[in-house]
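Chemist: Got a structure for you, questions after.
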Amino acid sequence: MRVPLLQVVESLPTNEQGPFQSSPHVAINGSVLPTTGYVWPELDVDVDVDGGFTSPIMLVGAPGAMGKSEAARNIASALKAPYVNLAQLTVGTGSLVGELVKAFGASGAENLRDEVRAGRAILVLDSTDEAQLRSGSSNYFEFLPDLDWLINTDLKQPQVILLGRTDSISITEIALSVADKSFVSTRLAPLGRVAASQFMQSMLDRTHYSVHREQPEPFIRLCEAMLASLAAALLGAEVSRASLERHWSETDSFVGYPPVLKALSERLAVKNPQAELSKLEALPDLQERRQRGDILRGIVEDILDREASKVQASVGDSLALAPLDSLRKTLYGREEQAARLLHMSGVENVVLDRPAHLDHSDRSRYEELIEGFVADHPFIRDAAFANEVFSDYLRAWAISSPQSGIDTSDRPGFLASLPRVGPFFAIFLEALLPAGEPALIPEDLVDDAIRSNAIGSVRSRALYTHIEGKGARLQLFDEDEQVAAAEVVFEIEEPLGVLVLRAPLTRISIVSQYGVILRSGTNGQIDYGPDALIVASELQIDGSSFQILASNDASTFSGIIVRENVEHGKDLRVISHSSGGFMASWPNAWHQWKEYAPSSVPAAQAVPRSLGAQVVISVRKLLLSFHGSSVDAPAVSADKVDRVLIGGNGVAQTVRDVLVELGVIKRSGAQYYLDLQVLGERGLSWGALSSNDPYTALTPFCEKIINTETFISKHLKAD
């Protein structure tokens with residue numbers, strides 16, 4: 001069950017004598033000030049606590065960076081309880097009693113013990129994880145019996161509260177159970193939607209920014225729009241401000257995570273929240289995702305840096321490294337954390353980037369101390385990656401970093417062992433690759449980048465071209481009028497000419513003068529479409545069934561055009577859920593494909609069948625793009641036509657040019673316009689274009705296109 005932490009605190013005894021007075025101490029404070037504007041989280045508890053907690057020891061666990069220390073200090077402040085920061089102590093047998101005497105004096109420590117044992121005061125112990133990291137597990141286990149000095153076992157209420165990372169709290173549970181000590185275990189929950197908004201406002205209150213208080217309603221709308229955007233990305237579905245509450249519990253491990261909210265609060269510090277919201281709503285989807293990706297990358301790297309600083313402080317002291325020793329700064333850096341996390345998740349051949357210059361004894365000690373810290377990293381939940389933001393970042397790091405092991409001889413095995421692709425991978429990969437325009441990737445990453453783009457948006461599209469003499473390129477974008485401003489481009493480094501794509505395949509255009517291989521998922525099925533087009537010289541289909549998926553949009557079309565040869569198993573089953581929305585054209589097609597072959601293709605100039613099929617598809621796709629616009633003057637963005645519909649397809653480019661020559665379409669400014677009168681004079685209509693057999697209707701018109709000098713000079717004279 002989930003209960004408000006403040007409600008729990010209010011049920012605990014408050015020291016009626018006021019805060020305990022302590023002498024200056026590095027780790028113990030008898031009088032803790034509350035955090036201004038502190039937003040109280042909730043607790044997850046596995047037992048029914050409606051009647052209150054009845055154990056003398058209360059454990060509070062949470063992942064790293066969840067706000068445990070701030071919670072500990074505010075609990076201590078609210079209860080007027082002494083606060084002990086175990087991160088600053090070397091613990092062991094008798095250490096707690098000794099440190100309390102140092103802080104409060106002998107009589108003061110005895111008074112504290114008496115008040116706790118009488119149920120009139122609480123002692124708050126923070127950072128059990130760093131106590132284990134600093135002192136080692138064996139010393140930590142010897143420290144826990146010190147609690148007996150404080151606890152009255154006959155008193156059925158919390159007397160001591162310990163806070164730490166989840167893994168260290170689990171170890172504490174085991175140690176207390178072995179010692180037959182009674183305890184109740186709880187966990188800090190991610191912030192709820194309202195608390196998340198309050199947390200961001202509190203972060204801004206600590207700065208010179210004040211617009212969020214002066215314009216609260218526009219600010220909250222912008223805040224919720226940003227949170228909905230993140231939730232939509234994590235779920236791969238549409239999430240509106242109105243539905244944010246309903247989806248919150250599905251994504252709160254990230255959107256309710258304080259470091260994420262802190263980074264978002266910095267992004268929200270704008271002069272005009274309403275104008276910023278309007279700008280956000282007007283962004284093309286991919287541009288919004290790239291902007292979101294920049295924010296997320298900053299969040300991820302801030303968490304890595306925070307983890308490094310904590311280890312450098314605790315482990316550096318344990319290794320007796322001077323505060324200004326340069327070696328201390330090399331401990332647990334971003335590269336080392338990424339490698340260790342991947343290694344822990346089962347990635348093969350990853351190179352562990354351990355700190356240099358540690359001698360043998362220090363290295364052994366370092367490994368011993370760091371082991372538990374990695375297991376409880378903020379990126380990890382229940383021995384798996386907490387969400388796709390973290391796993392996508394680590395996958396992109398593994399591929400882009402020269403220190404990750406990417407040059408291993410077993411590259412396929414290395415890639416297969418990495419975390420699966422999520423919606424942020426392509427954007428993180430572009431950001432982490434060495435600076436260059438555009439970014440360079442190997443051919444075997446094309447499928448991953450396409451998949452990431454498709455997961456991230458229902459409007460995404462991928463265009464891959466591999467033309468002899470021009471190299472290979474992958475463009476990721478959304479079908480939006482501002483495509484040029486929202487595009488991720490990868491150049492393919494030394495392409496071999498064998499592009500491997502894995503199902504499902506949707507919203508893609510592949511134009512290659514070389515080979516393409518389609519591979520099925522684990523069920524042996526290849527899902528193809530809607531809106532997928534492959535034009536290649538050779539094609540290999542590795543699967544037991546090929547399923548053609550339909551779309552409700554008449555302008556959406558799928559097809560496969562192969563010039564030379566298609567290979568697949570003789571028992572391949574072809575299943576169609578599309579009526580007239582798919583065409584297959586290649587020499588000597590087997591029986592499975594006969595019903596999808598065009599009933600006719602242009603025959604003028606002895607055009608190869610594959611080329612004629614491309615002309616038919618290009619004409620249909622270009623003309624249907626005008627359907628649904630203005631009835632009197634149908635128009636489409638020139639950017640959409642040239643970059644989305646045509647891209648690097650040379651045949652489609654020529655078809656567009658000929659349509660302009662024939663007066664069917666014309667360009668004016670940033671738009672292409674369709675001349676309906678000329679279209680009718682050519683014997684074409686919307687019905688013919690979108691019919692179940694558009695090839696018969698289009699073939700005479702396409703033959704006219706092929707017979708033009710423009711088309712002949714570009715595609716037929718060389719043959």
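Labeling convention for the structure tokens: chains A, B, ... as they appear, residues from 1 per chain, ligands from 1 in order of appearance.
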Quick one: residues within 6 Å of stretch 38-53 of chain A, only C-alpha atoms counted, chain neighbours fewer than 6 positions away excluded, as a list of chain:residue names?

Modeler: A:Met1, A:Arg2, A:Val3, A:Pro4, A:Leu5, A:Gln157, A:Thr186, A:Arg187, A:Leu188, A:Ala189, A:Leu191, A:Phe199

Chemist: Create the file for the chosen residues now, containing all heavy atoms and written as a compact mmCIF listing (two decimals), in the first residue's frame.

Modeler:
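Once written, selection.txt looks like this:
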# COMPACT_ATOMS: atom_id res chain seq x y z
N MET A 1 0.84 -1.19 0.00
CA MET A 1 0.00 0.00 0.00
C MET A 1 0.88 1.26 0.00
O MET A 1 2.06 1.20 0.34
CB MET A 1 -0.93 0.00 1.21
CG MET A 1 -0.23 0.05 2.56
SD MET A 1 -1.37 -0.05 3.96
CE MET A 1 -2.33 1.44 3.77
N ARG A 2 0.31 2.35 -0.41
CA ARG A 2 1.06 3.61 -0.48
C ARG A 2 0.46 4.61 0.51
O ARG A 2 -0.75 4.86 0.50
CB ARG A 2 1.01 4.16 -1.91
CG ARG A 2 1.88 5.36 -2.16
CD ARG A 2 2.10 5.60 -3.65
NE ARG A 2 3.03 4.63 -4.20
CZ ARG A 2 3.50 4.68 -5.47
NH1 ARG A 2 3.09 5.64 -6.27
NH2 ARG A 2 4.35 3.78 -5.90
N VAL A 3 1.32 5.16 1.38
CA VAL A 3 0.85 6.10 2.41
C VAL A 3 1.72 7.36 2.36
O VAL A 3 2.92 7.29 2.06
CB VAL A 3 0.92 5.48 3.82
CG1 VAL A 3 -0.03 4.32 3.93
CG2 VAL A 3 2.33 5.03 4.16
N PRO A 4 1.14 8.52 2.64
CA PRO A 4 1.94 9.75 2.65
C PRO A 4 2.98 9.72 3.76
O PRO A 4 2.67 9.39 4.92
CB PRO A 4 0.89 10.85 2.91
CG PRO A 4 -0.42 10.23 2.52
CD PRO A 4 -0.29 8.77 2.83
N LEU A 5 4.21 10.07 3.43
CA LEU A 5 5.28 10.08 4.44
C LEU A 5 4.97 11.09 5.54
O LEU A 5 5.24 10.82 6.72
CB LEU A 5 6.62 10.41 3.77
CG LEU A 5 7.83 10.57 4.71
CD1 LEU A 5 8.03 9.31 5.56
CD2 LEU A 5 9.08 10.91 3.92
N GLN A 157 6.64 0.71 18.86
CA GLN A 157 6.55 1.85 17.96
C GLN A 157 7.97 2.14 17.43
O GLN A 157 8.95 1.71 18.03
CB GLN A 157 6.03 3.09 18.68
CG GLN A 157 7.01 3.65 19.71
CD GLN A 157 6.53 4.95 20.33
OE1 GLN A 157 5.39 5.05 20.75
NE2 GLN A 157 7.40 5.94 20.36
N THR A 186 10.03 -0.09 4.45
CA THR A 186 9.25 0.74 3.54
C THR A 186 10.15 1.25 2.42
O THR A 186 11.38 1.10 2.47
CB THR A 186 8.63 1.94 4.28
OG1 THR A 186 9.68 2.85 4.64
CG2 THR A 186 7.89 1.51 5.52
N ARG A 187 9.54 1.85 1.43
CA ARG A 187 10.31 2.41 0.31
C ARG A 187 9.75 3.78 -0.07
O ARG A 187 8.52 3.96 -0.09
CB ARG A 187 10.23 1.48 -0.92
CG ARG A 187 10.85 0.12 -0.69
CD ARG A 187 10.55 -0.82 -1.85
NE ARG A 187 9.10 -1.01 -2.04
CZ ARG A 187 8.36 -1.82 -1.32
NH1 ARG A 187 8.90 -2.52 -0.32
NH2 ARG A 187 7.06 -1.94 -1.55
N LEU A 188 10.62 4.71 -0.38
CA LEU A 188 10.17 6.00 -0.91
C LEU A 188 9.56 5.78 -2.28
O LEU A 188 10.19 5.16 -3.15
CB LEU A 188 11.34 6.98 -1.04
CG LEU A 188 11.83 7.72 0.21
CD1 LEU A 188 12.91 8.71 -0.19
CD2 LEU A 188 10.70 8.44 0.91
N ALA A 189 8.36 6.26 -2.49
CA ALA A 189 7.69 6.11 -3.78
C ALA A 189 8.02 7.31 -4.67
O ALA A 189 8.32 8.40 -4.18
CB ALA A 189 6.18 6.02 -3.57
N LEU A 191 7.31 10.56 -6.91
CA LEU A 191 6.35 11.62 -6.65
C LEU A 191 5.12 11.46 -7.55
O LEU A 191 5.23 11.09 -8.72
CB LEU A 191 6.99 12.99 -6.91
CG LEU A 191 8.11 13.37 -5.93
CD1 LEU A 191 8.77 14.67 -6.36
CD2 LEU A 191 7.59 13.49 -4.50
N PHE A 199 7.04 20.00 -6.71
CA PHE A 199 8.49 19.86 -6.58
C PHE A 199 9.21 20.79 -7.55
O PHE A 199 10.17 21.48 -7.18
CB PHE A 199 8.89 18.40 -6.85
CG PHE A 199 10.37 18.15 -6.78
CD1 PHE A 199 10.97 17.80 -5.58
CD2 PHE A 199 11.17 18.25 -7.91
CE1 PHE A 199 12.34 17.55 -5.51
CE2 PHE A 199 12.54 18.02 -7.85
CZ PHE A 199 13.12 17.67 -6.64

Chemist: If you run DSSP on this backbone, which residues of stretch 307-407 of chain A come out as strand (DSSP E), and could you give them as a PyMOL selection string?

Modeler: chain A and resi 380-381+384-385

Chemist: Excluding same-chain residues fewer than 6 positions from A:Gly256, what lies within 7 Å of it counting only C-alpha atoms, as a list in words?

Modeler: Pro190, Leu191, Gly192 and Ala196 of chain A

Chemist: Which is closest to A:Gly413 among A:Gly687, A:Gly346, A:Pro63, A:Pro259, if we use only C-alpha atoms?

Modeler: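 Ranking A:Gly687, A:Gly346, A:Pro63, A:Pro259 by distance to A:Gly413, first place goes to A:Gly346.
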
Chemist: Considering only C-alpha atoms, return as an NGL selection string whatever protein or nucleic-acid residues lie within 8 Å of A:Gly64, sequence-local ones (same chain, fewer than 5 positions apart) excluded.

Modeler: :A and (165 or 307 or 376-378)

Chemist: Those residues with N, CA and C atoms, as a compact mmCIF listing (two decimals), in the first residue's frame please?

Modeler:
# COMPACT_ATOMS: atom_id res chain seq x y z
N ARG A 165 19.93 3.19 0.23
CA ARG A 165 19.55 2.63 -1.07
C ARG A 165 18.92 1.25 -0.88
N GLU A 307 26.46 10.09 -9.11
CA GLU A 307 26.94 8.82 -8.58
C GLU A 307 28.45 8.83 -8.44
N ASP A 376 22.99 -1.26 -6.90
CA ASP A 376 21.90 -0.39 -6.49
C ASP A 376 21.95 0.95 -7.21
N HIS A 377 22.48 0.92 -8.42
CA HIS A 377 22.58 2.14 -9.23
C HIS A 377 21.18 2.68 -9.55
N PRO A 378 21.01 3.99 -9.66
CA PRO A 378 19.68 4.55 -9.99
C PRO A 378 19.11 4.05 -11.32

Chemist: Apply DSSP to the backbone of this structure and, from stretch 230-360 of chain A, keep only the residues in alpha helix (DSSP H); write these as a ChimeraX atom specification.

Modeler: /A:230-235,244-255,258-267,273-282,285-318,334-344,360

Chemist: Compare A:Asn523, A:Leu645, A:Pro608, A:Pro495 by their minimum atom-to-atom distance to A:Arg620, counting only C-alpha atoms, and give me the closest one.

Modeler: A:Leu645

Chemist: Identify, on the basis of only C-alpha atoms, every residue whose closest approach to A:Ile220 does not exceed 9 Å; exclude the query and any residue fewer than 5 positions from it along the same chain; express the result as a list in words.

Modeler: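 Near neighbours after the sequence-gap exclusion: Ser197, His212, Gln215, Ala225 and Pro273 of chain A.
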
Chemist: What lies within 8 Å of stretch 668-676 of chain A using only C-alpha atoms, ignoring chain neighbours under 6 positions off, as a PDB file with N, CA, C and O atoms, in the first residue's frame?

Modeler:
ATOM      1  N   LEU A 623       0.275  11.758 -56.478  1.00  0.00           N
ATOM      2  CA  LEU A 623      -1.033  12.359 -56.721  1.00  0.00           C
ATOM      3  C   LEU A 623      -1.978  12.189 -55.536  1.00  0.00           C
ATOM      4  O   LEU A 623      -2.735  13.102 -55.196  1.00  0.00           O
ATOM      5  N   PHE A 626      -2.230  14.731 -52.516  1.00  0.00           N
ATOM      6  CA  PHE A 626      -3.052  15.945 -52.571  1.00  0.00           C
ATOM      7  C   PHE A 626      -4.475  15.680 -52.074  1.00  0.00           C
ATOM      8  O   PHE A 626      -5.232  16.610 -51.814  1.00  0.00           O
ATOM      9  N   ALA A 633      -8.363  23.914 -54.695  1.00  0.00           N
ATOM     10  CA  ALA A 633      -6.949  24.043 -55.079  1.00  0.00           C
ATOM     11  C   ALA A 633      -6.111  23.115 -54.211  1.00  0.00           C
ATOM     12  O   ALA A 633      -5.458  23.546 -53.269  1.00  0.00           O
ATOM     13  N   PRO A 634      -6.151  21.809 -54.520  1.00  0.00           N
ATOM     14  CA  PRO A 634      -5.387  20.853 -53.701  1.00  0.00           C
ATOM     15  C   PRO A 634      -3.903  21.214 -53.665  1.00  0.00           C
ATOM     16  O   PRO A 634      -3.295  21.480 -54.707  1.00  0.00           O
ATOM     17  N   ALA A 635      -3.325  21.224 -52.454  1.00  0.00           N
ATOM     18  CA  ALA A 635      -1.919  21.610 -52.297  1.00  0.00           C
ATOM     19  C   ALA A 635      -1.254  20.742 -51.242  1.00  0.00           C
ATOM     20  O   ALA A 635      -1.899  20.254 -50.317  1.00  0.00           O
ATOM     21  N   VAL A 636       0.063  20.569 -51.420  1.00  0.00           N
ATOM     22  CA  VAL A 636       0.885  19.820 -50.468  1.00  0.00           C
ATOM     23  C   VAL A 636       2.192  20.571 -50.300  1.00  0.00           C
ATOM     24  O   VAL A 636       2.714  21.164 -51.253  1.00  0.00           O
ATOM     25  N   SER A 637       2.721  20.539 -49.090  1.00  0.00           N
ATOM     26  CA  SER A 637       4.010  21.160 -48.820  1.00  0.00           C
ATOM     27  C   SER A 637       5.081  20.599 -49.749  1.00  0.00           C
ATOM     28  O   SER A 637       5.216  19.384 -49.905  1.00  0.00           O
ATOM     29  N   ALA A 638       5.852  21.482 -50.380  1.00  0.00           N
ATOM     30  CA  ALA A 638       6.945  21.047 -51.249  1.00  0.00           C
ATOM     31  C   ALA A 638       7.975  20.254 -50.460  1.00  0.00           C
ATOM     32  O   ALA A 638       8.579  19.302 -50.973  1.00  0.00           O
ATOM     33  N   ASP A 639       8.161  20.641 -49.206  1.00  0.00           N
ATOM     34  CA  ASP A 639       9.123  19.927 -48.352  1.00  0.00           C
ATOM     35  C   ASP A 639       8.684  18.481 -48.161  1.00  0.00           C
ATOM     36  O   ASP A 639       9.495  17.552 -48.213  1.00  0.00           O
TER      37      ASP A 639
END

Chemist: What is the distance, in Å and to one decimal place, between atom CA of A:Phe582 and atom CA of A:Gln547?

Modeler: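 Distance between the two atoms: 11.0 Å.
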
Chemist: Can you pull out the residues contacting A:Phe104? Cut-off 7 Å, using only C-alpha atoms, and skip same-chain residues under 4 positions away; I want them as a compact mmCIF listing (two decimals) with all heavy atoms, in the first residue's frame.

Modeler:
# COMPACT_ATOMS: atom_id res chain seq x y z
N GLN A 21 20.69 19.49 21.79
CA GLN A 21 21.83 20.36 21.54
C GLN A 21 23.10 19.52 21.43
O GLN A 21 23.42 18.73 22.32
CB GLN A 21 21.99 21.38 22.69
CG GLN A 21 20.79 22.30 22.85
CD GLN A 21 20.51 23.10 21.59
OE1 GLN A 21 21.44 23.67 20.99
NE2 GLN A 21 19.25 23.14 21.18
N SER A 22 23.79 19.67 20.32
CA SER A 22 25.00 18.88 20.10
C SER A 22 26.19 19.80 19.88
O SER A 22 26.05 20.95 19.46
CB SER A 22 24.84 17.97 18.88
OG SER A 22 24.63 18.76 17.70
N SER A 23 27.36 19.26 20.17
CA SER A 23 28.60 19.97 19.85
C SER A 23 28.85 19.83 18.35
O SER A 23 28.31 18.93 17.69
CB SER A 23 29.77 19.36 20.63
OG SER A 23 29.52 19.43 22.02
N LEU A 100 27.80 9.34 19.31
CA LEU A 100 26.75 10.08 20.01
C LEU A 100 27.31 10.75 21.26
O LEU A 100 26.92 11.89 21.60
CB LEU A 100 25.60 9.14 20.39
CG LEU A 100 24.75 8.62 19.22
CD1 LEU A 100 23.73 7.60 19.70
CD2 LEU A 100 24.04 9.78 18.50
N GLY A 108 24.39 13.83 27.81
CA GLY A 108 23.47 14.12 26.71
C GLY A 108 23.12 12.87 25.93
O GLY A 108 21.96 12.67 25.52
N ALA A 109 24.11 12.00 25.70
CA ALA A 109 23.85 10.75 24.98
C ALA A 109 22.92 9.85 25.79
O ALA A 109 22.01 9.20 25.25
CB ALA A 109 25.16 10.04 24.68

Chemist: Of the residues A:Ala71, A:Ile450, A:Val26, A:Leu474, which is the one nearest to A:Glu99, using only C-alpha atoms?

Modeler: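 Looking only at the distances to A:Glu99, the closest residue turns out to be A:Val26.
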
Chemist: For the atom pair atom CA of A:Ile57 and atom CA of A:Gln132, what is the interatomic distance in Å to one decimal place?

Modeler: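 These two atoms are separated by 18.4 Å.
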